[in-house]
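K.L.:
I'm passing along input-v7.cif; it holds mmCIF, C-alpha atoms and all ligand atoms; chains and numbers go by the auth columns.
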data_query
#
loop_
_atom_site.group_PDB
_atom_site.id
_atom_site.type_symbol
_atom_site.label_atom_id
_atom_site.label_comp_id
_atom_site.label_asym_id
_atom_site.label_seq_id
_atom_site.Cartn_x
_atom_site.Cartn_y
_atom_site.Cartn_z
_atom_site.B_iso_or_equiv
_atom_site.auth_seq_id
_atom_site.auth_asym_id
ATOM 1 C CA MET A 1 83.248 163.146 64.222 0.00 1 A
ATOM 2 C CA SER A 2 84.547 162.053 67.617 0.00 2 A
ATOM 3 C CA GLY A 3 85.368 164.449 70.409 0.00 3 A
ATOM 4 C CA ARG A 4 84.148 165.437 73.830 0.00 4 A
ATOM 5 C CA ILE A 5 80.877 166.442 75.367 0.00 5 A
ATOM 6 C CA TYR A 6 80.568 167.718 78.932 0.00 6 A
ATOM 7 C CA TRP A 7 78.375 166.310 81.687 0.00 7 A
ATOM 8 C CA ASN A 8 78.102 168.813 84.537 0.00 8 A
ATOM 9 C CA GLY A 9 81.399 170.212 83.271 0.00 9 A
ATOM 10 C CA THR A 10 83.188 166.847 83.188 0.00 10 A
ATOM 11 C CA PRO A 11 84.573 165.900 79.756 0.00 11 A
ATOM 12 C CA VAL A 12 83.121 162.711 78.244 0.00 12 A
ATOM 13 C CA PRO A 13 84.556 161.307 74.994 0.00 13 A
ATOM 14 C CA PHE A 14 82.253 160.245 72.176 0.00 14 A
ATOM 15 C CA LEU A 15 82.684 158.113 69.070 0.00 15 A
ATOM 16 C CA PRO A 16 81.697 159.139 65.523 0.00 16 A
ATOM 17 C CA GLY A 17 77.902 159.170 65.203 0.00 17 A
ATOM 18 C CA GLU A 18 77.333 158.248 68.837 0.00 18 A
ATOM 19 C CA ASN A 19 74.322 159.551 70.722 0.00 19 A
ATOM 20 C CA ALA A 20 74.678 161.315 74.068 0.00 20 A
ATOM 21 C CA ALA A 21 73.061 158.523 76.090 0.00 21 A
ATOM 22 C CA SER A 22 75.528 155.991 74.731 0.00 22 A
ATOM 23 C CA ALA A 23 78.541 158.226 75.396 0.00 23 A
ATOM 24 C CA LEU A 24 77.390 158.878 78.966 0.00 24 A
ATOM 25 C CA LEU A 25 76.754 155.194 79.643 0.00 25 A
ATOM 26 C CA ARG A 26 80.192 154.230 78.270 0.00 26 A
ATOM 27 C CA ALA A 27 81.659 156.776 80.692 0.00 27 A
ATOM 28 C CA GLY A 28 79.837 155.097 83.592 0.00 28 A
ATOM 29 C CA ILE A 29 77.157 157.778 83.909 0.00 29 A
ATOM 30 C CA ALA A 30 73.771 156.055 84.136 0.00 30 A
ATOM 31 C CA GLY A 31 71.775 158.463 86.297 0.00 31 A
ATOM 32 C CA PHE A 32 70.442 161.354 84.222 0.00 32 A
ATOM 33 C CA GLY A 33 68.692 163.228 87.031 0.00 33 A
ATOM 34 C CA ARG A 34 65.169 162.861 88.387 0.00 34 A
ATOM 35 C CA THR A 35 61.790 162.765 86.716 0.00 35 A
ATOM 36 C CA PRO A 36 59.167 165.305 87.814 0.00 36 A
ATOM 37 C CA THR A 37 57.756 162.613 90.115 0.00 37 A
ATOM 38 C CA GLY A 38 61.139 162.036 91.755 0.00 38 A
ATOM 39 C CA LEU A 39 62.037 158.753 90.065 0.00 39 A
ATOM 40 C CA PRO A 40 65.583 158.266 88.770 0.00 40 A
ATOM 41 C CA GLY A 41 66.017 159.242 85.126 0.00 41 A
ATOM 42 C CA GLY A 42 68.078 157.209 82.706 0.00 42 A
ATOM 43 C CA VAL A 43 68.006 155.089 79.576 0.00 43 A
ATOM 44 C CA PHE A 44 65.075 152.698 79.376 0.00 44 A
ATOM 45 C CA CYS A 45 63.748 152.351 75.822 0.00 45 A
ATOM 46 C CA ALA A 46 66.650 153.953 73.883 0.00 46 A
ATOM 47 C CA ILE A 47 64.268 154.799 71.011 0.00 47 A
ATOM 48 C CA GLY A 48 62.847 158.147 72.108 0.00 48 A
ATOM 49 C CA GLN A 49 59.577 156.888 73.560 0.00 49 A
ATOM 50 C CA CYS A 50 59.861 156.763 77.361 0.00 50 A
ATOM 51 C CA GLN A 51 61.384 160.209 78.096 0.00 51 A
ATOM 52 C CA GLY A 52 63.504 158.574 80.802 0.00 52 A
ATOM 53 C CA CYS A 53 66.710 159.998 79.368 0.00 53 A
ATOM 54 C CA LEU A 54 65.661 163.662 79.205 0.00 54 A
ATOM 55 C CA VAL A 55 68.604 165.955 79.886 0.00 55 A
ATOM 56 C CA MET A 56 69.448 169.596 79.375 0.00 56 A
ATOM 57 C CA ALA A 57 71.650 169.922 76.285 0.00 57 A
ATOM 58 C CA ASP A 58 73.029 173.390 75.607 0.00 58 A
ATOM 59 C CA GLY A 59 70.046 174.831 77.457 0.00 59 A
ATOM 60 C CA ARG A 60 67.394 172.697 75.760 0.00 60 A
ATOM 61 C CA LEU A 61 65.477 169.763 77.254 0.00 61 A
ATOM 62 C CA THR A 62 65.931 166.767 74.952 0.00 62 A
ATOM 63 C CA GLU A 63 66.157 162.968 74.849 0.00 63 A
ATOM 64 C CA ALA A 64 69.787 161.912 75.216 0.00 64 A
ATOM 65 C CA CYS A 65 69.146 158.684 73.290 0.00 65 A
ATOM 66 C CA LEU A 66 68.147 160.676 70.180 0.00 66 A
ATOM 67 C CA LEU A 67 70.796 163.374 70.457 0.00 67 A
ATOM 68 C CA GLU A 68 73.867 162.963 68.286 0.00 68 A
ATOM 69 C CA CYS A 69 76.968 164.192 70.082 0.00 69 A
ATOM 70 C CA ARG A 70 78.575 167.407 68.882 0.00 70 A
ATOM 71 C CA GLU A 71 81.970 168.637 69.960 0.00 71 A
ATOM 72 C CA GLY A 72 81.737 170.765 73.101 0.00 72 A
ATOM 73 C CA MET A 73 78.039 170.081 73.753 0.00 73 A
ATOM 74 C CA ARG A 74 77.155 170.733 77.402 0.00 74 A
ATOM 75 C CA LEU A 75 74.761 168.383 79.173 0.00 75 A
ATOM 76 C CA SER A 76 73.293 168.406 82.654 0.00 76 A
ATOM 77 C CA PRO A 77 70.494 166.600 84.512 0.00 77 A
ATOM 78 C CA ARG A 78 67.055 167.967 83.829 0.00 78 A
ATOM 79 C CA GLY A 79 66.660 168.835 87.522 0.00 79 A
ATOM 80 C CA GLY A 80 69.879 170.832 87.833 0.00 80 A
ATOM 81 C CA MET A 81 73.602 170.361 88.309 0.00 81 A
ATOM 82 C CA ASN A 82 73.617 168.464 91.601 0.00 82 A
ATOM 83 C CA GLU A 83 73.065 164.885 90.415 0.00 83 A
HETATM 84 S S1 LIG B . 65.677 156.140 76.764 0.00 101 B
HETATM 85 FE FE1 LIG B . 63.575 156.339 76.358 0.00 101 B
HETATM 86 S S2 LIG B . 63.425 158.261 75.364 0.00 101 B
HETATM 87 FE FE2 LIG B . 65.541 157.945 75.608 0.00 101 B
#
Rewrite the coordinates I just gave you, this time as structure tokens.
P.N.:
Amino acid sequence: MSGRIYWNGTPVPFLPGENAASALLRAGIAGFGRTPTGLPGGVFCAIGQCQGCLVMADGRLTEACLLECREGMRLSPRGGMNE
């Protein structure tokens, strides 16, 4: 199913079967917040190994590259809403 997810409240369209990292990247969103050590978070491995793409998804910390988009899903950077 295609539809929209929300990144910090901004609607982002997704394609059928697309993962959240892919939808965000297609929308021009490459920075997914900061790691605990202060490095920029984002997609690196795209196979669930590096943890670089961790985001908050409907209140749960998860890898965006492994997360299939669902209509209305709300995402935000792991460090908060200000990135
Ligand atoms: S990009 Fe490495 S875990 Fe998602």
K.L.:
Rank A:Arg78, A:Arg60, A:Arg70, A:Arg34 by their smallest atom-to-atom distance to Ile5 in chain A, using only C-alpha atoms, and report the top residue only.
P.N.:
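Distance minimum relative to Ile5 in chain A lands on A:Arg70.
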K.L.:
Calculate, to one decimal in Å, the centre and edge lengths of the box along x, y and z of the file that holds all listed atoms of ligand LIG 101 (chain B) with 3 Å of margin on each side, and present them as AutoDock Vina command-line options.
P.N.:
--center_x 64.6 --center_y 157.2 --center_z 76.1 --size_x 8.3 --size_y 8.1 --size_z 7.4
K.L.:
Residues within 7 Å of ligand LIG 101 (chain B) should be enumerated using all atoms listed in the file and returned as a PDB file with C-alpha atoms, in the coordinates of the input.
P.N.:
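Output (out04.pdb):
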ATOM      1  CA  GLY A  42      68.078 157.209  82.706  1.00  0.00           C
ATOM      2  CA  VAL A  43      68.006 155.089  79.576  1.00  0.00           C
ATOM      3  CA  PHE A  44      65.075 152.698  79.376  1.00  0.00           C
ATOM      4  CA  CYS A  45      63.748 152.351  75.822  1.00  0.00           C
ATOM      5  CA  ALA A  46      66.650 153.953  73.883  1.00  0.00           C
ATOM      6  CA  ILE A  47      64.268 154.799  71.011  1.00  0.00           C
ATOM      7  CA  GLY A  48      62.847 158.147  72.108  1.00  0.00           C
ATOM      8  CA  GLN A  49      59.577 156.888  73.560  1.00  0.00           C
ATOM      9  CA  CYS A  50      59.861 156.763  77.361  1.00  0.00           C
ATOM     10  CA  GLN A  51      61.384 160.209  78.096  1.00  0.00           C
ATOM     11  CA  GLY A  52      63.504 158.574  80.802  1.00  0.00           C
ATOM     12  CA  CYS A  53      66.710 159.998  79.368  1.00  0.00           C
ATOM     13  CA  LEU A  54      65.661 163.662  79.205  1.00  0.00           C
ATOM     14  CA  GLU A  63      66.157 162.968  74.849  1.00  0.00           C
ATOM     15  CA  ALA A  64      69.787 161.912  75.216  1.00  0.00           C
ATOM     16  CA  CYS A  65      69.146 158.684  73.290  1.00  0.00           C
ATOM     17  CA  LEU A  66      68.147 160.676  70.180  1.00  0.00           C
TER      18      LEU A  66
END
K.L.:
Go through A:Arg26, A:Ala20, A:Leu15, A:Met1 one by one, measure the shortest atom-to-atom distance of each to Met73 in chain A using all atoms listed in the file, and give the residue with the smallest value.
P.N.:
A:Ala20
K.L.:
Could you state the separation of CA of Leu24 in chain A and CA of Thr10 in chain A in Å, given to one decimal place?
P.N.:
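If I compute the distance from CA of Leu24 in chain A to CA of Thr10 in chain A, I get 10.7 Å.
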K.L.:
Which residues, protein or nucleic acid, reach to within 12 Å of (78.8, 154.6, 79.3) in the file's coordinates when using all atoms listed in the file, and can you give that as a PyMOL selection string?
P.N.:
chain A and resi 7+12-15+18-32+42-43
K.L.:
Place a sphere of radius 8 Å on (72.8, 172.5, 81.4) in the file coordinates and name every protein, DNA or RNA residue with an atom inside or on its surface, counting all atoms listed in the file; give the answer as a PyMOL selection string.
P.N.:
chain A and resi 8+55-60+74-78+80-81
K.L.:
How many Å lie between CA of Glu71 in chain A and CA of Gly3 in chain A, rounded to one decimal?
P.N.:
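Between CA of Glu71 in chain A and CA of Gly3 in chain A the gap is 5.4 Å.
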K.L.:
Ranking A:Gly9, A:Thr62, A:Gly33, A:Leu67 by minimum distance to Gly79 in chain A and counting all atoms listed in the file, which one comes first?
P.N.:
A:Gly33
